[in-house]
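First the structure, in the form of structure tokens, and then the observations on it.
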Amino acid sequence: MGSIPRLRKFCTPQPLNFSFFTLQPTHLKRKEGQIAFLRSLLLERETKRREKNEVPRKIPRKIWRCMCMNDCLWAIGFMCTVWWFIVFVYHCLPSNLVGLHLPESPGQRLRREGLNALHPVVLVPGIVTGGLELWEGRPCSQGLFRKRLWGGGSFAEIFKRPMCWLEHLSLNNETGLDPPGIRVRPVSGLVAADYFAPGYFVWAVLIENLAKIGYEEKNLHMAAYDWRLSFQNTEVRDYALSRLKSKIELMYMTNGNKKVVVVPHSMGAIYFLHFLKWVESPPPTGGGGGGPGWCAKYIKAIMNIAPAFLGVPRTLANILSAEDKGISFLRAMAPGVFDSEILRLQTLEHAMRVSRTWDSIISLFPKGGETIWGNLDWSPEKDQECDFIKKRVFRSCPSDGRTDNTTKNAILLKEDVNYGRIISFGKTASELHSSQLPSLGFKDFAPYNTRANSNMCRDLLTEYDELSREIIGEVAKHKAYTAGTVLDLVRFVAPKMMQRAEAHFSHGIADDLDDPKYTHYKYWSNPLETRQVYQYQLQSSYTPLCSLKLPNAPDMEIYCLYGVGVPTDRAYIYKLSSLDRCRSIPYRIDSSANARNPGGCLKGGIYFSDGDASVPIISAGFMCARGWRGKTRFNPSGAPTYVREYGHKAPSSLLDGRGSESGAHVGIMGNVALIEDVLRVAAGATREELGGDRIFSDIMSMSRAIRLRV
Amino acid sequence: MVKKKREEGGVLEGVEQSKNKGGVGREGGSGLDMRSHETESQKILRLRRRRGSEPTATATTATEEPAKTRQADKDEEKETLKSRGTEKEKQKKWSCIDSCCWFVGCICCSWWFLLFLYNAMPASFPQYVTEAITGPLADPPGLKLRKEGLTAKHPVVFVPGIVTGGLELWEGHQCAEGLFRKRLWGGTFGELYKRPLCWVEHMSLDNETGLDPPGIRVRPVSGLVAADYFAPGYFVWAVLIANLARIGYEEKTMYMAAYDWRISFQNTEVRDQTLSRIKSNIELMVATNGKKVVVIPHSMGALYFLHFMKWVEAPAPMGGGGGSDWCARHIKAVMNIGGPFLGVPKAVAGLFSAEAKDIAVARSVAPAVLDKDVFGLQTLQHVMRMTRTWDTTMSMIPKGGDTIWGDLDWSPEDGYSCSWKKQKNSDTHTAGQNGKRCLDTSGVYYGRIISFGKDVAEGATKGSNLANATCQDVWTEYHDMGIPGIKAVADYKVYTGGSILDLLHFVAPKMMKRGDAHYSYGIADDLDDPKYNHYKYWSNPLETRLPNAPEMEIFSLYGVGIPTERAYVYKLSAAADCYIPFQIDALADGANECSCLKGGVYNVNGDETVPVLSAGYMCAKAWRGKTRFNPSGIRTYVREYDHAPPANLLEGRGTQSGAHVDIMGNFALIEDIIRVAAGATGEDLGEDRVYSDIFKWSERINLKL
């Protein structure tokens with residue numbers, strides 16, 4: 001700070017300085033030499049000038065320039081020195097001085113309460129948060145062996161060699177596995193997902209708090225997997241599921257036969273669902289051969305943080321147009337990277353091409369079709385109000401007469417929102433009554449499907465280039481797509497991707513879970529097409545050994561922990577983009593579409609509903625609130641489920657970082673209340689101690705509105 | 001004073017006038033007159049106001065009509081004046097500090113520029129330069145063998161040695177705040193400089209139990225990062241990993257069995273369940289890949305893995321309960337790199353006095369780190385106190401006593417010539433026959449591992465006030481001993497491989513008591529004795545049997561051709577008070593150039609840390625064929641790698657090094673490992689490959705097999 005005035009002073013020397021030139025005799029002695037020097041300098045100049053008989057203009061200017069450069073160097077040097085000095089002082093300070101009044105972390109508090117590490121903990125990271133490193137690459141990636149391409153350090157390589165980077169992160173478009181000659185593998189260990197970027201924590205806070213009550217690497221495991229692959233392929237290529245199984249068994253054994261507590265986040269929740277089915281399935285069907293009862297034996301609780309059980313509408317926007325204003329998955333995690341024009345005009349196209357080779361994104365498509373997500377005229381969130389800020393204020397006092405507020409809000413802000421129309425072309429299409437919408441089926445497009453302009457664009461970047469413009473227009477004419485029909489839309493615009501991905505994922509609802517087809521692994525990650533792991537009641541006839549060993553073995557518990565109070569994408573209004581450019585993505589979110597009144601749910605072409613900025617509550621909470629609650633056909637053994645919501649509060653000050661009460665999708669990992677819950681369960685708390693459900697949103701009424709046979 | 005002032009004024013005026021005269025004459029006197037009435041400061045002030053427009057004004061008016069020229073001349077004149085003014089001011093202001101700032105700025109700018117260039121540089125550039133200077137480089141072995149068609153076959157397990165593995169903090173005292181999950185050991189060692197005492201406190205273990213002190217949890221880093229680089233740029237396993245990756249290895253087929261190298265082998269299981277984890281991981285890799293594993297221990301890792309092989313087959317309470325054929329089912333080969341099977345004399349010196357140039361175990365790998373006097377004068381005491389809490393240093397005390405290491409008058413290496421220089425000069429051409437070898441080797445008694453020099457008496461009197469109360473803050477067990485004890489130690493004069501243990505028991509009773517619970521250093525007479533089921537014998541190859549796995553292969557890969565410490569000449573240290581009472585007599589040198597005694601240390605052939613005898617004897621003799629230590633006849637191979645220093649600086653630590661850690665970058669060794677990992681057997685490699693006299697020396701050892 002002090003340097004700035006000084007600099008200014010230096011750059012524009014002030015006349016005042018000159019006045020003491022004549023007044024202060026003490027300076028004179030020193031000046032004398034300078035004056036003599038000056039005199040000689042000027043005399044020399046004079047003689048030169050005379051000799052050359054030249055216009056004397058240049059000399060002073062040269063000096064002036066020289067001065068300027070010197071000044072610059074001086075300034076840089078000064079700033080560097082000051083900076084180093086500050087850094088030095090900072091490092092010399094005792095580290096506890098820095099944050100004088102840091103609030104006590106939940107780990108410390110619970111430790112004082114006497115909590116200790118009891119159950120081993122397995123962390124399952126979600127999509128994009130895990131690190132990926134290079135094991136084998138093309139010549140352009142020289143020097144990057146075992147360096148991170150994704151996550152962890154800086155994304156410096158994107159800027160240095162963007163095309164190379166994209167090439168290495170892509171997967172094979174046909175198989176969904178490695179392209180030939182490229183091996184990019186997940187980082188293993190806790191470092192895989194503790195920080196996504198320097199300073200941007202994912203699991204680090206939770207890990208630190210777990211460590212406070214005594215956890216270390218022998219009872220804390222990060223089940224890192226390659227989040228780009230389909231779940232079954234992580235086993236095929238990396239044996240990731242086998243490794244996880246072996247790790248859980250090992251931790252169970254080495255920690256005194258204590259069952260593990262699994263903490264999946266985001267997509268990790270459905271990955272772990274897949275694991276649960278995989279591990280009990282016999283090896284011939286691609287299972288892990290753990291046998292029935294494996295889960296009951298080894299798993300105490302699954303604490304899903306912000307689980308995307310029923311999918312995320314955002315992925316649709318991602319696949320269709322790879323864009324939605326800093327909201328797409330990629331961009332949400334690495335803001336600025338994809339928005340910058342490093343790849344010139346085709347950033348989005350490249351991002352789309354790469355992300356379409358990632359099978360796992362398909363796993364996040366909305367599941368359950370119209371039953372869950374609503375049809376053209378109905379949706380479970382129909383009566384929800386959109387003013388989350390107000391809502392949060394009201395809900396901070398839960399005993400308050402909530403119904404009044406709700407109705408008031410509803411009256412105030414009621415606008416007919418058709419959340420069921422996940423994709424609609426044009427704002428009018430999103431508001432019209434269903435009878436007025438055209439009902440064009442995809443079969444009608446078949447004759448059009450000629451690759452009209454493929455000769456124009458030689459570099460096929462996205463599959464859109466294989467579609468003719470007429471068809472693209474036809475698709476838009478259909479006007480509105482629900483969660484059921486939107487899959488047809490995606491299948492139509494990206495047939496190869498869907499063909500590949502649908503071998504691994506399914507998005508329907510099972511009518512009859514006894515159907516033998518549901519033993520196929522593609523159904524394992526869909527909670528609506530699998531039974532929650534069958535739990536054995538520890539009858540003496542069936543598992544005598546177990547019942548002897550674990551007389552009061554509590555059943556496996558399933559928690560859904562998620563943030564609420566953040567506007568979350570739920571439905572989109574699209575428009576056709578200008579078609580002049582080859583290789584452009586033909587659809588764009590219509591960012592000009594806004595709600596009529598300021599409190600409306602529609603903003604920038606996106607209908608928002610309650611959630612955690614990524615996952616709507618219906619996806620995160622429905623299974624725990626209704627689908628699995630009690631003995632249902634999805635949960636035949638009646639494993640207890642709990643819904644615990646965390647209201648979002650923006651960080652109060654800058655010092656707070658990303659906030660200790662955040663409810664955002666990733667920020668919730670630093671939420672103190674959530675951390676406390678996880679710690680308590682890990683330390684062996686019973687369900688009563690935790691207090692059962694903790695609900696702020698309308699998840700219960702929404703769940704009841706869904707007509708699903710359970 | 002007044003005169004000076006006037007003179008100054010005169011000077012200024014003079015300058016001005018001369019300037020005006022010089023500046024084209026048509027200006028006339030008006031401006032000058034005007035100015036002469038103003039004070040200096042006013043002039044400057046006026047000039048300052050105009051400053052902003054000056055440069056452009058002069059530039060544009062330079063060649064235009066006379067009306068403007070006049071103005072231009074005025075401007076120009078003023079500018080001259082002004083520049084003079086600033087110059088003057090600069091002269092006044094540019095003090096030393098300003099120059100420094102300027103200099104720093106210069107350096108920063110050029111540094112940033114270079115950094116920018118470096119970052120913008122294509123990645124293949126350094127290689128290109130290297131090739132331009134030294135000619136085309138040999139393909140790294142991974143690439144070469146890949147071209148031959150080798151692919152990943154057997155999963156690989158790395159077992160790092162002592163000090164090379166990283167340690168990180170999981171729980172610490174107040175002073176270690178902010179270091180959660182940061183590396184205390186390995187990496188940059190930044191904390192060592194910032195808070196040395198805190199660091200020492202956290203790195204030490206409990207003196208009684210050899211486990212964590214209360215409130216401190218320091219844990220090994222896991223994964224390949226644990227020991228790929230010890231410090232930035234100082235590779236340990238990284239080169240091997242990179243080459244294995246070339247033929248298709250990745251994390252599903254590679255596993256770093258990282259363990260806490262400070263605590264005794266059995267305690268790694270007690271505290272961290274490390275052995276169980278290794279077992280589970282090997283089982284997993286065998287199950288998923290369908291092939292047995294190739295284990296690659298380095299240095300102390302060789303002992304650790306010996307311990308593991310016994311542990312895994314031992315029944316459950318003490319062992320892993322894997323059953324008696326676990327090794328046969330899961331392990332294809334054990335490729336020990338520089339394994340100190342029979343101990344390292346260096347460890348004795350390290351425990352005894354924690355000193356000597358490059359001698360303490362810790363220092364052998366991290367030279368210069370611990371030699372700095374960061375703790376003030378008590379560096380060595382602190383280091384000693386810390387290292388003495390580490391049980392593993394005791395695992396490397398020479399084993400087998402006099403039988404292996406020689407007695408007062410005899411040692412297996414007798415007759416060895418130490419003409420290192422000559423060997424080095426001629427070894428490329430005359431590897432076997434050293435024509436000018438020094439024949440005068442009669443005076444070397446390697447058996448006397450520690451001997452006190454002739455100045456014992458003097459030293460004893462000088463250090464007579466040793467056990468006093470001023471040394472409370474630095475604890476080493478020496479201060480419990482008192483002078484008589486120290487004198488007695490020195491009076492005994494000579495210690496051999498057997499009596500060295502007594503010496504250590506005497507000078508460090510607490511430590512050895514702890515150590516005795518975990519390690520044993522003898523030779524078994526009867527291996528059927530049930531006492532050998534105890535885990536303390538498991539890491540001593542002379543007191544255990546190899547597992548019953550006839551198809552397994554054991555390799556001993558180590559470097560030769562570097563002087564390696566074998567025996568020491570000690571003296572009582574002259575300095576009083578809190579010093580360690582013994583020190584190596586650095587003045588004791590051999591009589592001539594080719595003597596093995598240098599700086600108080602008798603050297604012998606080896607890899608700088610492990611003498612050939614320790615690394616090679618088991619595979620060369622004691623395990624070869626069906627012996628009582630190797631009842632199932634596991635095949636053993638000795639493969640030596642002759643040390644050749646790096647040809648130039650660009651080569652880094654060399655591709656033909658034989659040094660204890662640098663050998664991990666030795667291309668020949670890497671090639672051997674890759675071949676075995678890709679399925680080759682010892683016979684395919686060409687069986688033994690020997691440069692030293694290991695077979696001759698092994699024959700001399702009189703051990704019942």
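FYI, nothing fancy with the structure tokens labels: chains A, B, ... in order, residues from 1 per chain, ligands from 1 as they appear.
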
* Asked: Residues of stretch 81-225 of chain B in helix (DSSP H, G or I) according to DSSP, as a PyMOL selection string?
  -> chain B and resi 81-93+96-120+125-134+141-147+174-176+190-194+196-203+224-225

* Shell around B:Trp326 at 8 Å using only C-alpha atoms, local window under 3 positions removed, as number ranges by chain -> B: 312-313, 322-323, 329-330

* What does the distance from atom CA of B:Lys291 to atom CA of B:Val221 come to in Å, to one decimal? -> 27.0 Å

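Nearest residue to B:Arg545 among B:Ala644, B:His307, B:Gly606, B:Tyr570 is B:His307, counting only C-alpha atoms.
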
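Here atom CA of A:His274 and atom CA of A:Val202 stand 22.5 Å from one another.
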